[in-house]
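Data block below; observations after.
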Amino acid sequence: MLITLKRFFFHKLILLSLILAFLLALLINNSGSAIEPDQSEILWDTYGVPHIYSEDENSSFYAFGWAQMHSHGNLLLRLYGQARGRAAEYWGEQYLESDQWVWTMGIPDRARQWYKEQSPAFRKNIDAFAAGINDYAKTHPELLSTEVEAVLPINPIDVLAHLQRVLHFTFVVNQEQVGEIQKDFQTAKPAANSTMGSNAWAIGPSRSASGNAMLLINPHLFWSDRFLWYEAQIQTPDMDAYGASLVGIPVLNVAFNNNLGWAHTINQHDGWDAYELTLAEKGYEFDGQVRAFETEQKTLKIKQEDGTLQEETLTIQHSIHGPVIAKTDESAIALRVVGLDEPGALEQWWEMGRAENLSEFETALKRLQLPTFTVMYADREGHILHLFNGQVPIREQGDFEYWSGLIPGDTSTTLWSNTHSYEELPRVLDPASGWLQNANDAPWTTTFPKALEAADYPLYMAPQGPMQFRAQRSAGMLAEDETISFEELIAYKHSTRMELADRVLDDLIGAARQQGGELVEQAANVLENWDRQANADSQGAVLFTFWNRQVNREQLFATGWSEDFPLTTPDHLADPVQAVDALKTAAAQVKETYGALDVPWGEVFRLQAGELDLPANGAPGRLGSFRTVRFAPMENRDRFQAILGDSYVAAIEFSDPVRARALTSYGNATQPHSSHVGDQLELFAQQELRPVWRSRSEIQAHLTSRQKLAWEK
């Protein structure tokens with residue numbers, strides 16, 4: 001009897017062991033491997049995208065810092081050196097103006113204050129990100145350039161200084177804009193980031209072929225420096241977000257999860273002002289009195305060619321408005337920028353990624369820690385949202401144009417201190433049209449029929465001028481298609497049709513045939529046969545682009561833009577004779593340079609990365625191409641290479657499971673040893689997006705390597 005009982009319990013023990021082994025195997029199969037607390041696992045897919053699995057937030061930030069160093073280490077350290085205001089000390093005089101800008105704007109000192117003001121939990125996350133950067137550098141010093149070693153070790157304050165330099169002193173206001181003001185006190189301030197842009201779409205169930213909401217994320221930034229996107233997936237026990245961050249920023253800036261997603265565009269938000277001060281005695285006039293400047297001095301070090309350091313004193317003056325950026329014997333200009341007392345942008349982005357529904361997402365948005373950027377949103381429940389997001393100053397007077405000039409700084413009536421609440425910003429939720437778009441236009445044209453009226457908001461909130469051609473192309477494609485499939489969404493994303501050509505080409509060809517002349521007649525034939533697109537094989541796009549350079553766009557149209565006909569105006573040529581003269585000049589240039597008027601677009605405009613040199617497609621947004629690419633002359637000046645435009649693209653359908661395709665145009669790495677430098681450029685040339693792998697089974701089927709990381713807190 002005893003033996004029988006022993007056998008019984010022995011068999012039960014074996015059975016229990018088998019069950020436990022099966023459960024453990026199942027756990028490992030689902031998670032790749034068991035992850036201990038304070039540990040992370042990074043699965044690297046075949047496009048160099050890190051998929052980070054962590055058991056807590058801190059560990060995910062640590063792993064993200066490690067991953068960014070693996071892919072962009074040299075760039076990240078160089079960016080942090082610049083944000084620290086010591087780039088000239090590390091790399092020479094060519095960085096002196098950058099350092100002067102950083103210190104004049106107070107970035108390093110403010111970053112220290114921001115660090116203190118983080119919530120205790122999120123401060124630990126920033127600490128972890130910096131620790132991941134430093135531990136990677138200690139583990140793989142051979143993979144980093146010796147030029148950037150001086151920046152190490154990174155501290156958490158560097159992370160916040162970089163964030164500030166990017167957000168407030170690149171996207172809200174930048175050094176180039178201020179430089180224009182410094183040249184001429186009478187010049188109105190330049191439009192913010194007029195060279196960069198973005199597209200974003202949100203399509204609701206009523207316009208979706210599948211009945212699922214869809215989202216298009218499509219920023220257009222420079223393909224270099226602090227504007228590079230880094231694609232990643234981050235999974236913790238309460239979050240599984242996929243998207244991209246700008247290099248050096250420790251959270252995803254545009255992303256989606258199983259329930260929702262968002263895009264950003266650069267909006268026409270005015271978050272800075274230049275105040276003209278009247279100097280008196282040793283100060284400036286303000287409300288009938290003379291106020292003294294606050295003055296501080298910083299010592300900058302500049303590395304010389306022989307390796308020695310030369311010191312230079314930078315004197316910084318502040319008025320009640322902000323730092324002085326220009327000065328003469330009689331007047332000065334001071335700069336005021338929004339959001340410098342709001343240090344929570346990183347935590348807000350993190351909470352946006354953790355949100356599971358519209359209510360939670362808007363709770364995060366209502367923090368209003370992001371100083372600028374449109375937010376375009378879609379979710380699994382079918383909601384779509386457009387928010388003209390930003391910290392908008394509450395101003396007592398004036399319209400958008402007034403605040404785009406130099407502002408009198410001698411009176412408190414022009415000095416703003418507070419910003420508008422979330423409820424006071426232009427916002428559209430679930431419009432009757434079923435779609436929302438933004439292509440850097442003002443919020444009033446986000447959908448048609450119009451869902452917002454500019455008259456309901458302060459005159460300074462956003463401009464009320466004409467809708468640009470890229471925005472018209474964007475809205476037009478959505479308005480014309482009653483049911484859009486996921487595949488059509490991707491096809492529309494790659495549209496290179498030039499809206500400008502549709503407005504003037506018929507008039508131009510007709511006038512050219514009337515005016516006559518052999519060269520003009522040849523040009524008319526080429527333009528008539530052109531497909532009005534900027535695809536690699538499009539013949540006529542080069543000629544049309546050269547013609548566009550010859551004309552005065554301000555005087556080009558017979559009919560100006562009309563709010564009553566926003567998608568079909570401006571239209572027709574105002575002066576056909578001058579337009580044909582411009583065509584003759586352009587034709588002569590094209591024929592002399594390329595030997596033929598019908599030279600294909602991709603022969604002149606190129607995509608380059610490493611050894612790759614591919615025919616480009618896409619054109620500047622000013623021509624009305626939704627597929628936006630800007631080019632700069634190559635060494636021989638006859639060919640042009642892409643430098644800006646479609647950078648990170650993601651198309652998402654909130655089906656079950658979520659469908660998504662994406663592309664990081666220039667690849668997901670810049671490190672010299674990486675095979676992912678430019679490895680997605682051929683897909684860009686072919687107008688394709690690649691699959692997004694989010695489940696472990698998909699990732700493991702496309703796995704190149706796996707890393708386990710343990711962080712000692």
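Letters A, B, ... mark the chains of the structure tokens in the order given; residue numbers begin at 1 per chain; ligand numbers begin at 1, in order shown.
Look at Asn389 in chain A: the protein and nucleic acid residues within 10 Å of it, using only C-alpha atoms and passing over chain neighbours fewer than 2 places away, are His264, Thr265, Ile266, Asn267, His269, Leu365, Lys366, Leu368, Gln369, Leu370, Pro371, Thr372, Phe373, Thr374, Val375, Met376, His386, Leu387, Gln391, Val392, Tyr422, Leu425, Pro426 and Arg427 of chain A.
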Export, as an mmCIF file, in the first residue's frame, the selected residues with C-alpha atoms.
data_model
loop_
_atom_site.group_PDB
_atom_site.id
_atom_site.type_symbol
_atom_site.label_atom_id
_atom_site.label_comp_id
_atom_site.auth_asym_id
_atom_site.auth_seq_id
_atom_site.Cartn_x
_atom_site.Cartn_y
_atom_site.Cartn_z
ATOM 1 C CA HIS A 264 2.566 65.889 -35.398
ATOM 2 C CA THR A 265 2.914 68.623 -37.965
ATOM 3 C CA ILE A 266 4.662 71.965 -37.615
ATOM 4 C CA ASN A 267 1.727 74.283 -37.120
ATOM 5 C CA HIS A 269 1.837 78.767 -34.195
ATOM 6 C CA LEU A 365 -2.778 66.571 -24.016
ATOM 7 C CA LYS A 366 -4.346 68.881 -21.463
ATOM 8 C CA LEU A 368 -0.027 71.476 -22.537
ATOM 9 C CA GLN A 369 3.658 70.837 -22.027
ATOM 10 C CA LEU A 370 4.417 70.701 -25.766
ATOM 11 C CA PRO A 371 5.080 74.310 -26.821
ATOM 12 C CA THR A 372 4.053 73.731 -30.442
ATOM 13 C CA PHE A 373 2.949 71.125 -33.065
ATOM 14 C CA THR A 374 -0.422 70.117 -34.439
ATOM 15 C CA VAL A 375 -1.722 66.840 -33.013
ATOM 16 C CA MET A 376 -3.562 64.523 -35.440
ATOM 17 C CA HIS A 386 -7.185 67.527 -34.841
ATOM 18 C CA LEU A 387 -5.761 69.855 -32.184
ATOM 19 C CA GLN A 391 1.353 77.299 -25.766
ATOM 20 C CA VAL A 392 -0.293 80.325 -27.376
ATOM 21 C CA TYR A 422 -6.574 73.608 -23.801
ATOM 22 C CA LEU A 425 -7.354 76.083 -28.716
ATOM 23 C CA PRO A 426 -8.821 75.194 -32.146
ATOM 24 C CA ARG A 427 -9.952 71.566 -31.915
#
Long-range neighbours of Gly624 in chain A as JSON, numbers by chain, 7 Å cut-off, only C-alpha atoms, 5 positions minimum in chain: {"A": [469, 470, 473, 498, 499, 500]}
Non-local contacts of Asp564 in chain A (12 Å; only C-alpha atoms; under 5 positions in same chain excluded) as a PyMOL selection string: chain A and resi 445+448-450+466-467+569-570
Selection from above, C-alpha atoms, as a short mmCIF file (atom, residue, chain, number, x, y, z; two decimals), in the first residue's frame, can you write it?
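Output saved as part02.cif:
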data_model
loop_
_atom_site.label_atom_id
_atom_site.label_comp_id
_atom_site.auth_asym_id
_atom_site.auth_seq_id
_atom_site.Cartn_x
_atom_site.Cartn_y
_atom_site.Cartn_z
CA THR A 445 -8.81 74.25 -43.38
CA PHE A 448 -14.44 70.50 -45.58
CA PRO A 449 -17.20 71.41 -44.97
CA LYS A 450 -15.36 73.65 -42.53
CA PRO A 466 -4.29 81.53 -48.47
CA MET A 467 -4.23 77.75 -48.30
CA THR A 569 -7.94 78.87 -56.33
CA PRO A 570 -5.68 80.63 -57.19
#
Of the listed residues A:Leu436, A:Ala442, A:Ala63, A:Ala131, that which approaches Ala462 in chain A most closely, counting only C-alpha atoms: A:Ala442
Selection: 9 Å around Gly243 in chain A, only C-alpha atoms, excl. self and same-chain fewer than 2 positions, as an mmCIF file with N, CA and C atoms, in the first residue's frame:
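Listed below is the output, result-v3.cif:
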data_model
loop_
_atom_site.group_PDB
_atom_site.id
_atom_site.type_symbol
_atom_site.label_atom_id
_atom_site.label_comp_id
_atom_site.auth_asym_id
_atom_site.auth_seq_id
_atom_site.Cartn_x
_atom_site.Cartn_y
_atom_site.Cartn_z
ATOM 1 N N TYR A 230 14.322 58.325 -35.281
ATOM 2 C CA TYR A 230 14.785 57.003 -34.872
ATOM 3 C C TYR A 230 13.561 56.141 -34.563
ATOM 4 N N GLU A 231 13.398 55.076 -35.330
ATOM 5 C CA GLU A 231 12.227 54.220 -35.243
ATOM 6 C C GLU A 231 12.436 53.133 -34.200
ATOM 7 N N ALA A 232 11.406 52.867 -33.381
ATOM 8 C CA ALA A 232 11.560 51.881 -32.314
ATOM 9 C C ALA A 232 10.200 51.407 -31.821
ATOM 10 N N GLN A 233 10.223 50.273 -31.124
ATOM 11 C CA GLN A 233 9.064 49.781 -30.384
ATOM 12 C C GLN A 233 9.471 49.658 -28.926
ATOM 13 N N ILE A 234 8.599 50.131 -28.022
ATOM 14 C CA ILE A 234 8.888 50.075 -26.594
ATOM 15 C C ILE A 234 7.716 49.396 -25.902
ATOM 16 N N ALA A 241 4.117 50.681 -27.445
ATOM 17 C CA ALA A 241 4.056 51.774 -28.423
ATOM 18 C C ALA A 241 5.115 51.579 -29.494
ATOM 19 N N SER A 245 11.253 58.687 -32.506
ATOM 20 C CA SER A 245 11.665 59.861 -31.746
ATOM 21 C C SER A 245 12.776 60.555 -32.524
ATOM 22 N N LEU A 252 9.079 58.360 -27.493
ATOM 23 C CA LEU A 252 8.567 58.424 -28.858
ATOM 24 C C LEU A 252 7.763 59.710 -29.042
ATOM 25 N N ASN A 253 8.048 60.433 -30.117
ATOM 26 C CA ASN A 253 7.374 61.712 -30.372
ATOM 27 C C ASN A 253 6.150 61.558 -31.268
ATOM 28 N N VAL A 254 6.167 60.599 -32.170
ATOM 29 C CA VAL A 254 4.995 60.219 -32.967
ATOM 30 C C VAL A 254 4.894 58.706 -32.858
ATOM 31 N N ALA A 255 3.672 58.205 -32.611
ATOM 32 C CA ALA A 255 3.598 56.777 -32.301
ATOM 33 C C ALA A 255 2.168 56.272 -32.367
ATOM 34 N N PHE A 256 2.043 54.955 -32.241
ATOM 35 C CA PHE A 256 0.734 54.314 -32.126
ATOM 36 C C PHE A 256 0.874 53.084 -31.248
ATOM 37 N N ASN A 257 -0.243 52.663 -30.672
ATOM 38 C CA ASN A 257 -0.289 51.414 -29.924
ATOM 39 C C ASN A 257 -1.482 50.598 -30.420
ATOM 40 N N ALA A 650 4.517 56.613 -41.520
ATOM 41 C CA ALA A 650 3.805 55.444 -40.999
ATOM 42 C C ALA A 650 2.338 55.551 -41.376
#
Residues within 12 Å of Asp679 in chain A, only C-alpha atoms, excluding chain neighbours under 2 positions, as a ChimeraX atom specification: /A:46-49,607-612,663-670,674-677,681-685,690
Go ahead and save the residues from that selection, with N, CA, C and O atoms, as a CSV table (one decimal), in the first residue's frame.
chain,number,residue,atom,x,y,z
A,46,THR,N,15.5,43.2,-39.2
A,46,THR,CA,16.4,43.3,-40.3
A,46,THR,C,16.5,44.7,-40.9
A,46,THR,O,17.3,44.9,-41.8
A,47,TYR,N,15.7,45.6,-40.4
A,47,TYR,CA,15.9,47.0,-40.8
A,47,TYR,C,16.5,47.9,-39.7
A,47,TYR,O,16.5,49.1,-39.7
A,48,GLY,N,17.0,47.2,-38.7
A,48,GLY,CA,17.7,47.9,-37.6
A,48,GLY,C,16.8,48.6,-36.6
A,48,GLY,O,17.2,49.5,-35.9
A,49,VAL,N,15.5,48.1,-36.6
A,49,VAL,CA,14.6,48.7,-35.6
A,49,VAL,C,14.7,48.0,-34.3
A,49,VAL,O,14.6,46.7,-34.3
A,607,LEU,N,18.7,60.5,-55.0
A,607,LEU,CA,18.7,60.1,-53.6
A,607,LEU,C,20.1,59.5,-53.4
A,607,LEU,O,20.5,58.5,-54.1
A,608,GLN,N,20.8,60.0,-52.4
A,608,GLN,CA,22.1,59.5,-52.1
A,608,GLN,C,22.3,59.1,-50.6
A,608,GLN,O,21.8,59.9,-49.7
A,609,ALA,N,23.0,58.0,-50.4
A,609,ALA,CA,23.4,57.6,-49.0
A,609,ALA,C,24.5,56.6,-49.2
A,609,ALA,O,24.3,55.6,-49.9
A,610,GLY,N,25.7,56.9,-48.6
A,610,GLY,CA,26.8,56.0,-48.8
A,610,GLY,C,27.1,55.8,-50.2
A,610,GLY,O,27.4,56.7,-51.0
A,611,GLU,N,27.1,54.6,-50.7
A,611,GLU,CA,27.4,54.2,-52.1
A,611,GLU,C,26.2,54.3,-53.0
A,611,GLU,O,26.3,54.2,-54.2
A,612,LEU,N,25.0,54.5,-52.4
A,612,LEU,CA,23.8,54.6,-53.2
A,612,LEU,C,23.6,55.9,-53.9
A,612,LEU,O,23.9,57.0,-53.3
A,663,LEU,N,8.3,53.6,-43.1
A,663,LEU,CA,9.6,53.8,-43.7
A,663,LEU,C,10.4,54.9,-43.0
A,663,LEU,O,9.8,56.0,-42.8
A,664,THR,N,11.6,54.7,-42.7
A,664,THR,CA,12.5,55.7,-42.2
A,664,THR,C,13.5,55.9,-43.4
A,664,THR,O,14.4,55.1,-43.7
A,665,SER,N,13.2,57.0,-44.2
A,665,SER,CA,13.7,57.1,-45.6
A,665,SER,C,15.2,56.8,-45.7
A,665,SER,O,15.7,56.1,-46.6
A,666,TYR,N,16.0,57.4,-44.8
A,666,TYR,CA,17.4,57.3,-44.8
A,666,TYR,C,18.0,56.2,-44.0
A,666,TYR,O,19.2,56.1,-43.9
A,667,GLY,N,17.2,55.3,-43.5
A,667,GLY,CA,17.6,54.2,-42.7
A,667,GLY,C,17.6,54.5,-41.2
A,667,GLY,O,17.5,55.7,-40.8
A,668,ASN,N,17.7,53.5,-40.4
A,668,ASN,CA,17.6,53.7,-38.9
A,668,ASN,C,18.9,53.8,-38.2
A,668,ASN,O,18.9,53.5,-37.0
A,669,ALA,N,20.0,54.2,-38.9
A,669,ALA,CA,21.3,54.3,-38.2
A,669,ALA,C,22.1,55.3,-39.0
A,669,ALA,O,22.0,55.5,-40.2
A,670,THR,N,23.1,55.9,-38.3
A,670,THR,CA,24.1,56.7,-38.9
A,670,THR,C,25.5,56.2,-38.5
A,670,THR,O,26.5,56.8,-39.1
A,674,SER,N,27.3,50.4,-39.2
A,674,SER,CA,26.0,49.9,-39.3
A,674,SER,C,25.7,49.6,-40.8
A,674,SER,O,26.0,50.3,-41.7
A,675,SER,N,24.9,48.5,-41.0
A,675,SER,CA,24.5,48.1,-42.3
A,675,SER,C,23.2,48.8,-42.6
A,675,SER,O,22.6,48.6,-43.7
A,676,HIS,N,22.6,49.6,-41.7
A,676,HIS,CA,21.3,50.2,-41.9
A,676,HIS,C,21.4,51.7,-42.3
A,676,HIS,O,20.4,52.3,-42.4
A,677,VAL,N,22.6,52.1,-42.6
A,677,VAL,CA,22.7,53.5,-43.2
A,677,VAL,C,22.2,53.5,-44.6
A,677,VAL,O,22.8,52.8,-45.5
A,681,LEU,N,16.5,53.3,-48.5
A,681,LEU,CA,16.4,54.3,-49.6
A,681,LEU,C,15.9,53.7,-50.9
A,681,LEU,O,15.2,54.4,-51.6
A,682,GLU,N,16.2,52.5,-51.1
A,682,GLU,CA,15.7,51.9,-52.4
A,682,GLU,C,14.1,51.7,-52.3
A,682,GLU,O,13.5,51.9,-53.3
A,683,LEU,N,13.6,51.4,-51.1
A,683,LEU,CA,12.2,51.4,-51.0
A,683,LEU,C,11.6,52.8,-51.2
A,683,LEU,O,10.5,52.9,-51.8
A,684,PHE,N,12.2,53.8,-50.7
A,684,PHE,CA,11.8,55.2,-51.0
A,684,PHE,C,11.8,55.4,-52.5
A,684,PHE,O,10.8,56.0,-53.0
A,685,ALA,N,12.8,55.0,-53.2
A,685,ALA,CA,12.9,55.3,-54.6
A,685,ALA,C,11.7,54.5,-55.3
A,685,ALA,O,11.2,55.0,-56.4
A,690,ARG,N,7.6,49.6,-45.9
A,690,ARG,CA,7.9,48.2,-45.4
A,690,ARG,C,6.9,47.8,-44.3
A,690,ARG,O,6.3,48.7,-43.6
Secondary structure check, strand (DSSP E) residues of range 29-233 of chain A, as number ranges by chain: A: 39-45, 50-54, 197-203, 214-222, 229-233
Would you mind exporting the chosen residues as a compact mmCIF listing (two decimals), in the first residue's frame, restricted to N, CA and C atoms?
# COMPACT_ATOMS: atom_id res chain seq x y z
N GLN A 39 15.70 44.45 -15.90
CA GLN A 39 16.32 43.94 -17.12
C GLN A 39 15.46 44.28 -18.33
N SER A 40 16.12 44.32 -19.47
CA SER A 40 15.43 44.54 -20.74
C SER A 40 16.01 43.62 -21.78
N GLU A 41 15.22 43.42 -22.80
CA GLU A 41 15.67 42.66 -23.96
C GLU A 41 15.40 43.49 -25.20
N ILE A 42 16.39 43.57 -26.08
CA ILE A 42 16.22 44.26 -27.34
C ILE A 42 16.31 43.24 -28.47
N LEU A 43 15.24 43.18 -29.25
CA LEU A 43 15.25 42.37 -30.46
C LEU A 43 15.46 43.31 -31.64
N TRP A 44 16.50 43.09 -32.41
CA TRP A 44 16.83 43.94 -33.56
C TRP A 44 16.33 43.26 -34.83
N ASP A 45 15.46 43.95 -35.57
CA ASP A 45 14.96 43.34 -36.81
C ASP A 45 15.87 43.66 -37.99
N PRO A 50 14.93 48.65 -33.17
CA PRO A 50 14.99 47.96 -31.87
C PRO A 50 13.58 47.77 -31.30
N HIS A 51 13.29 46.54 -30.87
CA HIS A 51 12.04 46.23 -30.20
C HIS A 51 12.40 45.94 -28.75
N ILE A 52 12.04 46.86 -27.86
CA ILE A 52 12.50 46.84 -26.48
C ILE A 52 11.42 46.26 -25.58
N TYR A 53 11.77 45.22 -24.83
CA TYR A 53 10.85 44.59 -23.88
C TYR A 53 11.44 44.75 -22.49
N SER A 54 10.68 45.42 -21.61
CA SER A 54 11.18 45.68 -20.26
C SER A 54 10.10 45.41 -19.24
N GLY A 197 8.32 70.97 -42.94
CA GLY A 197 6.87 70.80 -42.86
C GLY A 197 6.51 69.37 -42.54
N SER A 198 5.25 69.04 -42.75
CA SER A 198 4.75 67.70 -42.48
C SER A 198 3.38 67.54 -43.10
N ASN A 199 2.98 66.29 -43.30
CA ASN A 199 1.60 65.95 -43.62
C ASN A 199 1.06 65.05 -42.52
N ALA A 200 -0.23 65.16 -42.25
CA ALA A 200 -0.87 64.23 -41.33
C ALA A 200 -2.33 64.08 -41.73
N TRP A 201 -2.79 62.83 -41.71
CA TRP A 201 -4.19 62.53 -42.02
C TRP A 201 -4.78 61.68 -40.91
N ALA A 202 -6.08 61.92 -40.63
CA ALA A 202 -6.87 61.01 -39.81
C ALA A 202 -8.18 60.75 -40.55
N ILE A 203 -8.47 59.49 -40.80
CA ILE A 203 -9.65 59.10 -41.58
C ILE A 203 -10.58 58.29 -40.69
N MET A 214 -8.11 55.28 -39.71
CA MET A 214 -6.73 55.19 -40.20
C MET A 214 -5.99 56.48 -39.91
N LEU A 215 -4.68 56.37 -39.79
CA LEU A 215 -3.82 57.52 -39.47
C LEU A 215 -2.61 57.51 -40.39
N LEU A 216 -2.22 58.69 -40.84
CA LEU A 216 -0.99 58.86 -41.61
C LEU A 216 -0.06 59.79 -40.86
N ILE A 217 1.14 59.29 -40.55
CA ILE A 217 2.20 60.08 -39.91
C ILE A 217 3.24 60.37 -40.98
N ASN A 218 3.55 61.65 -41.22
CA ASN A 218 4.42 61.98 -42.36
C ASN A 218 5.15 63.30 -42.17
N PRO A 219 6.12 63.37 -41.24
CA PRO A 219 6.90 64.60 -41.07
C PRO A 219 7.88 64.82 -42.22
N HIS A 220 8.18 66.08 -42.50
CA HIS A 220 9.15 66.47 -43.53
C HIS A 220 10.24 67.31 -42.87
N LEU A 221 11.27 66.66 -42.38
CA LEU A 221 12.37 67.37 -41.74
C LEU A 221 13.65 67.15 -42.54
N PHE A 222 14.70 67.89 -42.16
CA PHE A 222 16.01 67.68 -42.78
C PHE A 222 16.47 66.25 -42.54
N TRP A 229 15.00 61.07 -37.49
CA TRP A 229 14.09 60.22 -36.74
C TRP A 229 14.72 58.88 -36.43
N TYR A 230 14.32 58.33 -35.28
CA TYR A 230 14.78 57.00 -34.87
C TYR A 230 13.56 56.14 -34.56
N GLU A 231 13.40 55.08 -35.33
CA GLU A 231 12.23 54.22 -35.24
C GLU A 231 12.44 53.13 -34.20
N ALA A 232 11.41 52.87 -33.38
CA ALA A 232 11.56 51.88 -32.31
C ALA A 232 10.20 51.41 -31.82
N GLN A 233 10.22 50.27 -31.12
CA GLN A 233 9.06 49.78 -30.38
C GLN A 233 9.47 49.66 -28.93
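Atom pair CA of Asn418 in chain A / CA of Asp399 in chain A: separated by 17.1 Å.
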Sel. of helix (DSSP H, G or I) residues, range 401-548 of chain A, as a PyMOL selection string: chain A and resi 402-404+412-414+422-424+443-445+454-456+469-480+486-493+499-515+518-529+541-548
Long-range neighbours of Thr170 in chain A as a list of chain:residue names, 12 Å cut-off, only C-alpha atoms, 4 positions minimum in chain: A:Ala83, A:Ser98, A:Trp101, A:Val102, A:Met105, A:His162, A:Leu163, A:Gln164, A:Arg165, A:Val166, A:Asn174, A:Gln175, A:Glu176, A:Gln177, A:Val178, A:Ala192, A:Asn193, A:Ser194, A:Met196, A:Leu221, A:Asp225, A:Arg226, A:Phe227, A:Ile266, A:Gly271, A:Trp272, A:Val337, A:Pro371, A:Thr372
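Distances from A:Gln68, A:Thr104, A:Thr146, A:Gln522 to Phe169 in chain A were compared using only C-alpha atoms, and the smallest one belongs to A:Thr104.
The coordinates place CA of Thr447 in chain A at 15.8 Å from CA of Ala213 in chain A.
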Mind dumping a table of every range 215-301 of chain A residue within 8 Å of range 408-414 of chain A, with the nearest atom pair and its distance in Å to one decimal, using only C-alpha atoms, sorted by chain and rising number, as JSON lines?
{"residue": "A:Tyr275", "atom": "CA", "partner": "A:Gly409", "partner_atom": "CA", "distance": 4.9}
{"residue": "A:Glu276", "atom": "CA", "partner": "A:Gly409", "partner_atom": "CA", "distance": 5.1}
{"residue": "A:Leu277", "atom": "CA", "partner": "A:Gly409", "partner_atom": "CA", "distance": 5.0}
{"residue": "A:Thr278", "atom": "CA", "partner": "A:Asp410", "partner_atom": "CA", "distance": 6.9}
{"residue": "A:Tyr284", "atom": "CA", "partner": "A:Asp410", "partner_atom": "CA", "distance": 7.8}
{"residue": "A:Glu285", "atom": "CA", "partner": "A:Asp410", "partner_atom": "CA", "distance": 5.4}
{"residue": "A:Phe286", "atom": "CA", "partner": "A:Asp410", "partner_atom": "CA", "distance": 4.2}
{"residue": "A:Asp287", "atom": "CA", "partner": "A:Thr411", "partner_atom": "CA", "distance": 4.9}
{"residue": "A:Gly288", "atom": "CA", "partner": "A:Asp410", "partner_atom": "CA", "distance": 7.8}
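Distance-wise, CA of Thr628 in chain A and CA of Phe605 in chain A end up 12.9 Å apart.
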Residues within 10 Å of range 534-544 of chain A, only C-alpha atoms, excluding chain neighbours under 4 positions, as a VMD selection string: chain A and resid 494 to 498 500 to 501 505 523 to 530 548 to 549 583 586 to 591 596 to 606 614 to 620 623 625 627 to 628 685 to 687
Residue nearest Phe654 in chain A - candidates A:Gly106, A:Gly85, A:Gly261, A:Gly434, atoms counted: only C-alpha atoms: A:Gly261
